[in-house]
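Q: Quick one: the structure is below, questions incoming.
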Amino acid sequence: VNSSSPWSIDERPEAPTRLGYGAMGTFRANPAGFLTEAVNNYVLTAHGNWSVPFQHPFFAAPVAIAFADGDSEEFLDIKKKYPWTLTPRECLENPPRVHAETVTRQPKSRVDMPAAGHIPLIGEDGHLTWPTGEPPLPPWKGPGSTGVDRGAIGESYGGPPPSKEPPAGPPPPPRPERVTVMSIGLPIHPATLEAEASYPWGNSPELKVHSLLGAHLGFTIDVTNYVVKTLQMLGCLAISPYHTTWGSEFQMDFQYEGPTSRQPISPCPERDWAVAAGLGTWGLSDMIITERGMAVILASIVTSAEIPASGRPTTEYCLFFRDGSCRECVPRCPGQAISTDLDPPGRLSARCEAGARAGVMFNETYLKERMLTELGEYAFSSGNLIWEGSGLGMPVISFLACGRCYTDVPCSTRIPG
Ligand code: SF4
Ligand code: SF4
């Protein structure tokens, strides 16, 4: 399918991924440098499922990486703004109990799955029509705005609050003196982005197969596990909150992002943490632009290791927020979810969901034969099935995802401007 890979599986550079003698000394002398090198080596040398059937892995190196003091004002402010989230320290100290205590404060903001009539139809010429004749969702206003009836968007989230005390788990670990947040942006491989850009709507076979074989989330979990175990072997407390049972509660349901996508529903607000840690700044499409661009998958680790903060960007990376000179992600969206007319400008998450579904419908209607031919024996892959829309006997092309707002735009792989 793609022969533009910089290296084949066998030619990929070798680098050590195990801790050698002297690792402790190297780590203590320069913890940020040690961990940055470890993550890059791990990404470069990862073999296995993530490369099949394409001659390149899903992710590229070097990764974007930032370190920050998890007790700093930036992180505490996120908790003040979204009281149902956990602070990095809470994640490290006794997260299930704290989460059980704060879950009742989660917002009543569940955005319903769009009904069939609320999914735009994309014609072969790319023209978008909404079956109901007009965009079905009410105008979106950000938090604090007035006059918006959210009833039409969603219904109450969750069931009744827990009536019992949460079970007493194991005793909490000792209170760490320091809490450091390590935020990583794993860049999607340029060859996959190139394939994505060549598809009119929906996703390319490259992205679908990589994701279904587990690259998208599975490899991110691998990376975070590797870092967590490395830190633990070096004598530090470490956790990857987003990939615990309590932290991953909402990660599969991106309709749970709330009426505004900047309102995190997860107890571990990864994007907000990434901005607080200095990994990047918000893009108009509500994803984070890092020094490796916006086409990155985020990973977050909280540790007791004392690591100097990397500092935060001093300018807005998104050209719209910097000087109004870019809106290129707006027309890329099949759901018309991104708009500069929103208050604040950004993305409406329910329309994002509708857009992803519209893209799948477009692929199934107009590109089915092409995709099945390109996918060959992988057309019915069902490796690491974590998303709906596919399964045994279902072609991979039904896999629901999007991400067109971060492909083929000025901020895809770099800081724009
Ligand atoms: S495409 Fe342009 S407007 Fe959209 S997030 Fe990137 S820099 Fe901002
Ligand atoms: S992921 Fe797709 S549907 Fe969602 S905002 Fe981006 S382009 Fe639109």
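Going through the structure tokens in order, the chains are called A, B, and so on, while each chain numbers its residues from 1 and the ligands are numbered from 1 in the order shown.
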Hey, which residues sit close to ligand 2? Say within 12 Å, counting only C-alpha atoms and all ligand atoms, and write them as a PyMOL selection string.
A: chain A and resi 119-120+196-197+200-203+254-255+257+260-261+283-287+294-295+328-339+346-360+400-409
Q: Report as a PDB file with N, CA and C atoms, in the first residue's frame all protein, DNA and RNA residues lying within 10 Å of region 33-44 of chain A, evaluated on only C-alpha atoms, omitting residues in the same chain fewer than 4 positions from it.
A:
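Result file follows (around.pdb):
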ATOM      1  N   ARG A  12      15.207  -0.865  10.531  1.00  0.00           N
ATOM      2  CA  ARG A  12      15.002   0.164  11.532  1.00  0.00           C
ATOM      3  C   ARG A  12      16.174   0.214  12.520  1.00  0.00           C
ATOM      4  N   PRO A  13      16.562   1.389  12.964  1.00  0.00           N
ATOM      5  CA  PRO A  13      17.726   1.468  13.839  1.00  0.00           C
ATOM      6  C   PRO A  13      17.508   0.728  15.143  1.00  0.00           C
ATOM      7  N   GLU A  14      18.555   0.111  15.608  1.00  0.00           N
ATOM      8  CA  GLU A  14      18.490  -0.584  16.887  1.00  0.00           C
ATOM      9  C   GLU A  14      18.910   0.373  17.993  1.00  0.00           C
ATOM     10  N   ALA A  15      18.279   0.279  19.088  1.00  0.00           N
ATOM     11  CA  ALA A  15      18.674   1.106  20.227  1.00  0.00           C
ATOM     12  C   ALA A  15      18.300   0.352  21.488  1.00  0.00           C
ATOM     13  N   PRO A  16      19.056   0.524  22.540  1.00  0.00           N
ATOM     14  CA  PRO A  16      18.760  -0.236  23.754  1.00  0.00           C
ATOM     15  C   PRO A  16      17.457   0.213  24.390  1.00  0.00           C
ATOM     16  N   THR A  17      16.620  -0.721  24.800  1.00  0.00           N
ATOM     17  CA  THR A  17      15.405  -0.351  25.514  1.00  0.00           C
ATOM     18  C   THR A  17      15.435  -0.886  26.941  1.00  0.00           C
ATOM     19  N   ARG A  18      16.517  -1.564  27.320  1.00  0.00           N
ATOM     20  CA  ARG A  18      16.621  -2.068  28.685  1.00  0.00           C
ATOM     21  C   ARG A  18      17.516  -1.151  29.500  1.00  0.00           C
ATOM     22  N   LEU A  19      17.296  -1.180  30.800  1.00  0.00           N
ATOM     23  CA  LEU A  19      18.153  -0.391  31.665  1.00  0.00           C
ATOM     24  C   LEU A  19      19.502  -1.089  31.805  1.00  0.00           C
ATOM     25  N   ALA A  23      22.456   3.067  34.955  1.00  0.00           N
ATOM     26  CA  ALA A  23      21.257   3.824  34.586  1.00  0.00           C
ATOM     27  C   ALA A  23      20.843   4.781  35.701  1.00  0.00           C
ATOM     28  N   MET A  24      20.966   4.323  36.945  1.00  0.00           N
ATOM     29  CA  MET A  24      20.540   5.163  38.063  1.00  0.00           C
ATOM     30  C   MET A  24      21.318   6.475  38.089  1.00  0.00           C
ATOM     31  N   THR A  26      22.894   7.932  35.569  1.00  0.00           N
ATOM     32  CA  THR A  26      22.540   8.753  34.405  1.00  0.00           C
ATOM     33  C   THR A  26      21.198   9.444  34.632  1.00  0.00           C
ATOM     34  N   PHE A  27      20.259   8.683  35.196  1.00  0.00           N
ATOM     35  CA  PHE A  27      18.925   9.229  35.457  1.00  0.00           C
ATOM     36  C   PHE A  27      19.006  10.376  36.455  1.00  0.00           C
ATOM     37  N   ARG A  28      19.758  10.170  37.536  1.00  0.00           N
ATOM     38  CA  ARG A  28      19.837  11.218  38.561  1.00  0.00           C
ATOM     39  C   ARG A  28      20.512  12.474  38.017  1.00  0.00           C
ATOM     40  N   ALA A  29      21.509  12.273  37.156  1.00  0.00           N
ATOM     41  CA  ALA A  29      22.241  13.438  36.636  1.00  0.00           C
ATOM     42  C   ALA A  29      21.369  14.260  35.689  1.00  0.00           C
ATOM     43  N   PRO A  57       5.935   1.880  11.011  1.00  0.00           N
ATOM     44  CA  PRO A  57       5.112   1.810  12.214  1.00  0.00           C
ATOM     45  C   PRO A  57       4.102   2.946  12.232  1.00  0.00           C
ATOM     46  N   PHE A  58       3.224   2.924  13.200  1.00  0.00           N
ATOM     47  CA  PHE A  58       2.201   3.969  13.278  1.00  0.00           C
ATOM     48  C   PHE A  58       2.797   5.278  13.772  1.00  0.00           C
ATOM     49  N   PHE A  59       3.825   5.171  14.636  1.00  0.00           N
ATOM     50  CA  PHE A  59       4.394   6.379  15.232  1.00  0.00           C
ATOM     51  C   PHE A  59       5.805   6.654  14.724  1.00  0.00           C
ATOM     52  N   ALA A  60       6.207   7.902  14.799  1.00  0.00           N
ATOM     53  CA  ALA A  60       7.553   8.305  14.405  1.00  0.00           C
ATOM     54  C   ALA A  60       8.253   8.927  15.613  1.00  0.00           C
ATOM     55  N   ALA A  61       9.556   9.034  15.547  1.00  0.00           N
ATOM     56  CA  ALA A  61      10.337   9.709  16.586  1.00  0.00           C
ATOM     57  C   ALA A  61      11.115  10.835  15.893  1.00  0.00           C
ATOM     58  N   PRO A  62      11.579  11.859  16.584  1.00  0.00           N
ATOM     59  CA  PRO A  62      11.471  12.055  18.026  1.00  0.00           C
ATOM     60  C   PRO A  62      10.070  12.485  18.463  1.00  0.00           C
ATOM     61  N   VAL A  63       9.772  12.165  19.708  1.00  0.00           N
ATOM     62  CA  VAL A  63       8.479  12.534  20.259  1.00  0.00           C
ATOM     63  C   VAL A  63       8.563  13.952  20.821  1.00  0.00           C
ATOM     64  N   ALA A  64       7.388  14.571  21.019  1.00  0.00           N
ATOM     65  CA  ALA A  64       7.349  15.839  21.769  1.00  0.00           C
ATOM     66  C   ALA A  64       7.210  15.456  23.239  1.00  0.00           C
ATOM     67  N   ILE A  65       7.888  16.180  24.100  1.00  0.00           N
ATOM     68  CA  ILE A  65       7.866  15.770  25.508  1.00  0.00           C
ATOM     69  C   ILE A  65       8.003  17.000  26.407  1.00  0.00           C
ATOM     70  N   ALA A  66       7.302  16.999  27.523  1.00  0.00           N
ATOM     71  CA  ALA A  66       7.400  18.121  28.464  1.00  0.00           C
ATOM     72  C   ALA A  66       7.263  17.594  29.886  1.00  0.00           C
ATOM     73  N   MET A 182       4.668  14.157  33.311  1.00  0.00           N
ATOM     74  CA  MET A 182       5.439  13.981  32.067  1.00  0.00           C
ATOM     75  C   MET A 182       4.409  13.837  30.960  1.00  0.00           C
ATOM     76  N   ILE A 184       3.599  13.488  26.902  1.00  0.00           N
ATOM     77  CA  ILE A 184       4.269  13.067  25.667  1.00  0.00           C
ATOM     78  C   ILE A 184       3.299  13.198  24.502  1.00  0.00           C
ATOM     79  N   LEU A 186       3.061  11.560  20.889  1.00  0.00           N
ATOM     80  CA  LEU A 186       3.642  10.545  19.998  1.00  0.00           C
ATOM     81  C   LEU A 186       3.219  10.872  18.566  1.00  0.00           C
ATOM     82  N   PRO A 187       4.162  11.281  17.720  1.00  0.00           N
ATOM     83  CA  PRO A 187       3.766  11.717  16.371  1.00  0.00           C
ATOM     84  C   PRO A 187       3.316  10.540  15.504  1.00  0.00           C
ATOM     85  N   PHE A 219      -0.389   0.908  21.369  1.00  0.00           N
ATOM     86  CA  PHE A 219       1.022   1.273  21.445  1.00  0.00           C
ATOM     87  C   PHE A 219       1.236   2.394  22.460  1.00  0.00           C
ATOM     88  N   THR A 220       0.266   3.288  22.548  1.00  0.00           N
ATOM     89  CA  THR A 220       0.369   4.363  23.537  1.00  0.00           C
ATOM     90  C   THR A 220       0.426   3.758  24.942  1.00  0.00           C
ATOM     91  N   ASP A 222       1.552   0.782  25.599  1.00  0.00           N
ATOM     92  CA  ASP A 222       2.880   0.167  25.695  1.00  0.00           C
ATOM     93  C   ASP A 222       3.932   1.194  26.119  1.00  0.00           C
ATOM     94  N   VAL A 223       3.890   2.342  25.483  1.00  0.00           N
ATOM     95  CA  VAL A 223       4.891   3.375  25.785  1.00  0.00           C
ATOM     96  C   VAL A 223       4.772   3.821  27.236  1.00  0.00           C
ATOM     97  N   THR A 224       3.537   4.086  27.656  1.00  0.00           N
ATOM     98  CA  THR A 224       3.376   4.569  29.033  1.00  0.00           C
ATOM     99  C   THR A 224       3.771   3.479  30.035  1.00  0.00           C
ATOM    100  N   TYR A 226       6.002   1.216  29.600  1.00  0.00           N
ATOM    101  CA  TYR A 226       7.466   1.154  29.584  1.00  0.00           C
ATOM    102  C   TYR A 226       8.053   2.259  30.476  1.00  0.00           C
ATOM    103  N   VAL A 227       7.528   3.470  30.342  1.00  0.00           N
ATOM    104  CA  VAL A 227       8.060   4.582  31.136  1.00  0.00           C
ATOM    105  C   VAL A 227       7.750   4.371  32.615  1.00  0.00           C
ATOM    106  N   THR A 230      10.017   1.698  33.992  1.00  0.00           N
ATOM    107  CA  THR A 230      11.386   2.219  34.092  1.00  0.00           C
ATOM    108  C   THR A 230      11.525   3.096  35.335  1.00  0.00           C
ATOM    109  N   LEU A 231      10.561   3.989  35.534  1.00  0.00           N
ATOM    110  CA  LEU A 231      10.625   4.872  36.703  1.00  0.00           C
ATOM    111  C   LEU A 231      10.531   4.079  37.993  1.00  0.00           C
ATOM    112  N   ILE A 307      11.933  16.246  38.491  1.00  0.00           N
ATOM    113  CA  ILE A 307      12.439  16.534  37.146  1.00  0.00           C
ATOM    114  C   ILE A 307      12.210  18.021  36.869  1.00  0.00           C
TER     115      ILE A 307
END
Q: Of the residues A:Glu364, A:Asp272, A:Glu177, A:Asp69, which is the one nearest to Ile122 (chain A), using only C-alpha atoms?
A: A:Glu364
Q: Using only C-alpha atoms, which residues sit within 7 Å of Gly293 (chain A) once same-chain residues fewer than 3 positions away are excluded, as a list of chain:residue names?
A: A:Ile289, A:Thr290, A:Val296, A:Cys411, A:Ser412, A:Thr413, A:Arg414, A:Ile415
Q: Write a file of the selected residues as an mmCIF file, in the first residue's frame, keeping all heavy atoms.
A:
data_model
loop_
_atom_site.group_PDB
_atom_site.id
_atom_site.type_symbol
_atom_site.label_atom_id
_atom_site.label_comp_id
_atom_site.auth_asym_id
_atom_site.auth_seq_id
_atom_site.Cartn_x
_atom_site.Cartn_y
_atom_site.Cartn_z
ATOM 1 N N ILE A 289 -1.422 21.574 19.698
ATOM 2 C CA ILE A 289 -0.309 21.709 18.754
ATOM 3 C C ILE A 289 0.990 21.646 19.560
ATOM 4 O O ILE A 289 1.203 22.447 20.473
ATOM 5 C CB ILE A 289 -0.384 23.026 17.970
ATOM 6 C CG1 ILE A 289 -1.736 23.145 17.254
ATOM 7 C CG2 ILE A 289 0.759 23.103 16.951
ATOM 8 C CD1 ILE A 289 -1.932 24.450 16.496
ATOM 9 N N THR A 290 1.818 20.660 19.239
ATOM 10 C CA THR A 290 3.100 20.485 19.929
ATOM 11 C C THR A 290 4.230 20.866 18.970
ATOM 12 O O THR A 290 3.986 21.189 17.804
ATOM 13 C CB THR A 290 3.295 19.016 20.342
ATOM 14 O OG1 THR A 290 3.566 18.247 19.159
ATOM 15 C CG2 THR A 290 2.055 18.452 21.017
ATOM 16 N N VAL A 296 -0.487 14.089 16.833
ATOM 17 C CA VAL A 296 0.188 13.291 17.855
ATOM 18 C C VAL A 296 -0.878 12.642 18.733
ATOM 19 O O VAL A 296 -1.982 13.148 18.866
ATOM 20 C CB VAL A 296 1.128 14.146 18.748
ATOM 21 C CG1 VAL A 296 2.235 14.781 17.935
ATOM 22 C CG2 VAL A 296 0.357 15.199 19.522
ATOM 23 N N CYS A 411 -0.466 22.908 10.718
ATOM 24 C CA CYS A 411 0.055 22.514 12.028
ATOM 25 C C CYS A 411 0.156 20.990 12.176
ATOM 26 O O CYS A 411 0.390 20.499 13.281
ATOM 27 C CB CYS A 411 -0.822 23.083 13.134
ATOM 28 S SG CYS A 411 -2.537 22.528 13.040
ATOM 29 N N SER A 412 0.003 20.229 11.097
ATOM 30 C CA SER A 412 -0.005 18.757 11.213
ATOM 31 C C SER A 412 1.239 18.205 11.899
ATOM 32 O O SER A 412 1.136 17.382 12.808
ATOM 33 C CB SER A 412 -0.066 18.108 9.825
ATOM 34 O OG SER A 412 -1.347 18.170 9.324
ATOM 35 N N THR A 413 2.403 18.627 11.432
ATOM 36 C CA THR A 413 3.640 17.979 11.905
ATOM 37 C C THR A 413 4.638 18.964 12.508
ATOM 38 O O THR A 413 5.773 18.598 12.771
ATOM 39 C CB THR A 413 4.331 17.238 10.747
ATOM 40 O OG1 THR A 413 4.577 18.182 9.698
ATOM 41 C CG2 THR A 413 3.467 16.107 10.208
ATOM 42 N N ARG A 414 4.226 20.214 12.676
ATOM 43 C CA ARG A 414 5.191 21.212 13.188
ATOM 44 C C ARG A 414 4.447 22.395 13.777
ATOM 45 O O ARG A 414 3.210 22.501 13.605
ATOM 46 C CB ARG A 414 6.098 21.693 12.046
ATOM 47 C CG ARG A 414 5.318 22.374 10.952
ATOM 48 C CD ARG A 414 6.129 22.639 9.703
ATOM 49 N NE ARG A 414 5.243 23.111 8.640
ATOM 50 C CZ ARG A 414 4.902 24.372 8.459
ATOM 51 N NH1 ARG A 414 5.377 25.304 9.249
ATOM 52 N NH2 ARG A 414 4.084 24.720 7.480
ATOM 53 N N ILE A 415 5.182 23.272 14.414
ATOM 54 C CA ILE A 415 4.586 24.532 14.847
ATOM 55 C C ILE A 415 4.442 25.386 13.601
ATOM 56 O O ILE A 415 5.437 25.639 12.903
ATOM 57 C CB ILE A 415 5.495 25.248 15.879
ATOM 58 C CG1 ILE A 415 5.659 24.360 17.111
ATOM 59 C CG2 ILE A 415 4.913 26.592 16.258
ATOM 60 C CD1 ILE A 415 6.756 24.835 18.058
#
Q: If you count only C-alpha atoms, which residues fall within 8 Å of Lys229 (chain A), apart from same-chain ones fewer than 4 positions away, as a list in words?
A: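 Residues near the query, excluding close chain neighbours: Asn225, Met233 and Ala238 of chain A.
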Q: May I have the residues from that selection written out with all heavy atoms, as a PDB file, in the first residue's frame?
A:
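Output file selection-v2.pdb is given in full below:
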ATOM      1  N   ASN A 225       3.417   2.216  29.730  1.00  0.00           N
ATOM      2  CA  ASN A 225       3.830   1.125  30.628  1.00  0.00           C
ATOM      3  C   ASN A 225       5.347   1.058  30.736  1.00  0.00           C
ATOM      4  O   ASN A 225       5.908   0.843  31.811  1.00  0.00           O
ATOM      5  CB  ASN A 225       3.323  -0.227  30.102  1.00  0.00           C
ATOM      6  CG  ASN A 225       1.880  -0.461  30.496  1.00  0.00           C
ATOM      7  OD1 ASN A 225       1.364   0.224  31.363  1.00  0.00           O
ATOM      8  ND2 ASN A 225       1.239  -1.404  29.846  1.00  0.00           N
ATOM      9  N   MET A 233      11.495   0.999  38.446  1.00  0.00           N
ATOM     10  CA  MET A 233      12.768   0.306  38.669  1.00  0.00           C
ATOM     11  C   MET A 233      13.828   1.265  39.189  1.00  0.00           C
ATOM     12  O   MET A 233      14.785   0.861  39.838  1.00  0.00           O
ATOM     13  CB  MET A 233      13.241  -0.348  37.372  1.00  0.00           C
ATOM     14  CG  MET A 233      12.529  -1.656  37.092  1.00  0.00           C
ATOM     15  SD  MET A 233      13.278  -2.549  35.756  1.00  0.00           S
ATOM     16  CE  MET A 233      12.586  -1.736  34.361  1.00  0.00           C
ATOM     17  N   ALA A 238       5.230   5.856  40.107  1.00  0.00           N
ATOM     18  CA  ALA A 238       4.855   6.303  38.757  1.00  0.00           C
ATOM     19  C   ALA A 238       3.546   5.645  38.365  1.00  0.00           C
ATOM     20  O   ALA A 238       3.266   4.506  38.746  1.00  0.00           O
ATOM     21  CB  ALA A 238       5.947   5.941  37.750  1.00  0.00           C
TER      22      ALA A 238
END
Q: Using only C-alpha atoms and all ligand atoms, pick whichever of A:Asp341, A:Glu306, A:Glu369, A:Glu316 has the shortest atom-to-atom distance to ligand 1.
A: A:Glu316
Q: What does the distance from CA of Asn94 (chain A) to CA of Asp77 (chain A) come to in Å, to one decimal?
A: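 Answer for the CA of Asn94 (chain A) to CA of Asp77 (chain A) separation: 19.9 Å.
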Q: If you measure from CA of Pro95 (chain A) to CA of Cys268 (chain A), what distance in Å do you get, rounded to one decimal?
A: 10.2 Å
Q: To one decimal place, how far is CA of Val98 (chain A) from CA of Arg312 (chain A) in Å?
A: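 Interatomic distance, CA of Val98 (chain A) to CA of Arg312 (chain A): 28.5 Å.
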Q: What parts of region 272-382 of chain A does DSSP call strand (DSSP E or B)? I'd like the answer as a PyMOL selection string.
A: chain A and resi 280-282+288-290+293+296-303+338-339+343+346-347
Q: Output N, CA, C and O atoms for every residue in the selection just made, as an mmCIF file, in the first residue's frame.
A:
data_model
loop_
_atom_site.group_PDB
_atom_site.id
_atom_site.type_symbol
_atom_site.label_atom_id
_atom_site.label_comp_id
_atom_site.auth_asym_id
_atom_site.auth_seq_id
_atom_site.Cartn_x
_atom_site.Cartn_y
_atom_site.Cartn_z
ATOM 1 N N GLY A 280 2.370 22.039 24.543
ATOM 2 C CA GLY A 280 1.912 22.784 23.370
ATOM 3 C C GLY A 280 0.799 23.734 23.746
ATOM 4 O O GLY A 280 0.597 24.027 24.932
ATOM 5 N N THR A 281 0.077 24.209 22.734
ATOM 6 C CA THR A 281 -1.041 25.118 22.982
ATOM 7 C C THR A 281 -2.269 24.603 22.228
ATOM 8 O O THR A 281 -2.152 23.791 21.313
ATOM 9 N N TRP A 282 -3.437 25.096 22.610
ATOM 10 C CA TRP A 282 -4.683 24.650 21.972
ATOM 11 C C TRP A 282 -4.712 25.063 20.500
ATOM 12 O O TRP A 282 -4.342 26.178 20.156
ATOM 13 N N ILE A 288 -4.154 19.601 20.603
ATOM 14 C CA ILE A 288 -2.976 20.334 21.078
ATOM 15 C C ILE A 288 -1.910 20.381 19.988
ATOM 16 O O ILE A 288 -1.553 19.345 19.417
ATOM 17 N N ILE A 289 -1.422 21.574 19.698
ATOM 18 C CA ILE A 289 -0.309 21.709 18.754
ATOM 19 C C ILE A 289 0.990 21.646 19.560
ATOM 20 O O ILE A 289 1.203 22.447 20.473
ATOM 21 N N THR A 290 1.818 20.660 19.239
ATOM 22 C CA THR A 290 3.100 20.485 19.929
ATOM 23 C C THR A 290 4.230 20.866 18.970
ATOM 24 O O THR A 290 3.986 21.189 17.804
ATOM 25 N N GLY A 293 3.871 19.080 15.987
ATOM 26 C CA GLY A 293 2.592 19.292 15.326
ATOM 27 C C GLY A 293 1.416 18.772 16.133
ATOM 28 O O GLY A 293 1.546 18.420 17.318
ATOM 29 N N VAL A 296 -0.487 14.089 16.833
ATOM 30 C CA VAL A 296 0.188 13.291 17.855
ATOM 31 C C VAL A 296 -0.878 12.642 18.733
ATOM 32 O O VAL A 296 -1.982 13.148 18.866
ATOM 33 N N ILE A 297 -0.527 11.502 19.309
ATOM 34 C CA ILE A 297 -1.383 10.881 20.319
ATOM 35 C C ILE A 297 -0.750 11.196 21.669
ATOM 36 O O ILE A 297 0.461 11.037 21.852
ATOM 37 N N LEU A 298 -1.568 11.666 22.593
ATOM 38 C CA LEU A 298 -1.028 12.087 23.882
ATOM 39 C C LEU A 298 -0.833 10.910 24.831
ATOM 40 O O LEU A 298 -1.598 9.938 24.798
ATOM 41 N N ALA A 299 0.180 11.003 25.645
ATOM 42 C CA ALA A 299 0.397 10.044 26.722
ATOM 43 C C ALA A 299 0.845 10.853 27.940
ATOM 44 O O ALA A 299 1.564 11.844 27.790
ATOM 45 N N SER A 300 0.391 10.468 29.119
ATOM 46 C CA SER A 300 0.725 11.230 30.332
ATOM 47 C C SER A 300 1.162 10.289 31.446
ATOM 48 O O SER A 300 0.525 9.259 31.661
ATOM 49 N N ILE A 301 2.197 10.665 32.129
ATOM 50 C CA ILE A 301 2.697 9.869 33.261
ATOM 51 C C ILE A 301 2.866 10.805 34.449
ATOM 52 O O ILE A 301 3.326 11.943 34.288
ATOM 53 N N VAL A 302 2.468 10.352 35.624
ATOM 54 C CA VAL A 302 2.686 11.123 36.846
ATOM 55 C C VAL A 302 3.679 10.342 37.693
ATOM 56 O O VAL A 302 3.540 9.124 37.858
ATOM 57 N N THR A 303 4.668 11.024 38.202
ATOM 58 C CA THR A 303 5.732 10.328 38.946
ATOM 59 C C THR A 303 6.212 11.164 40.126
ATOM 60 O O THR A 303 6.054 12.391 40.138
ATOM 61 N N ILE A 338 -16.034 22.417 13.498
ATOM 62 C CA ILE A 338 -15.083 23.451 13.931
ATOM 63 C C ILE A 338 -15.543 24.788 13.369
ATOM 64 O O ILE A 338 -15.855 24.882 12.175
ATOM 65 N N SER A 339 -15.598 25.780 14.214
ATOM 66 C CA SER A 339 -16.056 27.080 13.725
ATOM 67 C C SER A 339 -15.408 28.207 14.510
ATOM 68 O O SER A 339 -15.207 28.104 15.723
ATOM 69 N N ASP A 343 -18.427 30.545 20.461
ATOM 70 C CA ASP A 343 -17.949 31.402 21.539
ATOM 71 C C ASP A 343 -17.601 30.553 22.750
ATOM 72 O O ASP A 343 -18.494 30.136 23.479
ATOM 73 N N GLY A 346 -13.916 27.126 18.399
ATOM 74 C CA GLY A 346 -13.438 25.771 18.701
ATOM 75 C C GLY A 346 -14.250 24.711 17.992
ATOM 76 O O GLY A 346 -14.692 24.913 16.859
ATOM 77 N N ARG A 347 -14.499 23.633 18.692
ATOM 78 C CA ARG A 347 -15.124 22.461 18.076
ATOM 79 C C ARG A 347 -16.303 22.005 18.931
ATOM 80 O O ARG A 347 -16.236 22.013 20.154
#
Q: I'd like to know which residues of region 285-411 of chain A are alpha helix (DSSP H) (by DSSP, run on the backbone); could you write them as a ChimeraX atom specification?
A: /A:319-323,349-366,368-375
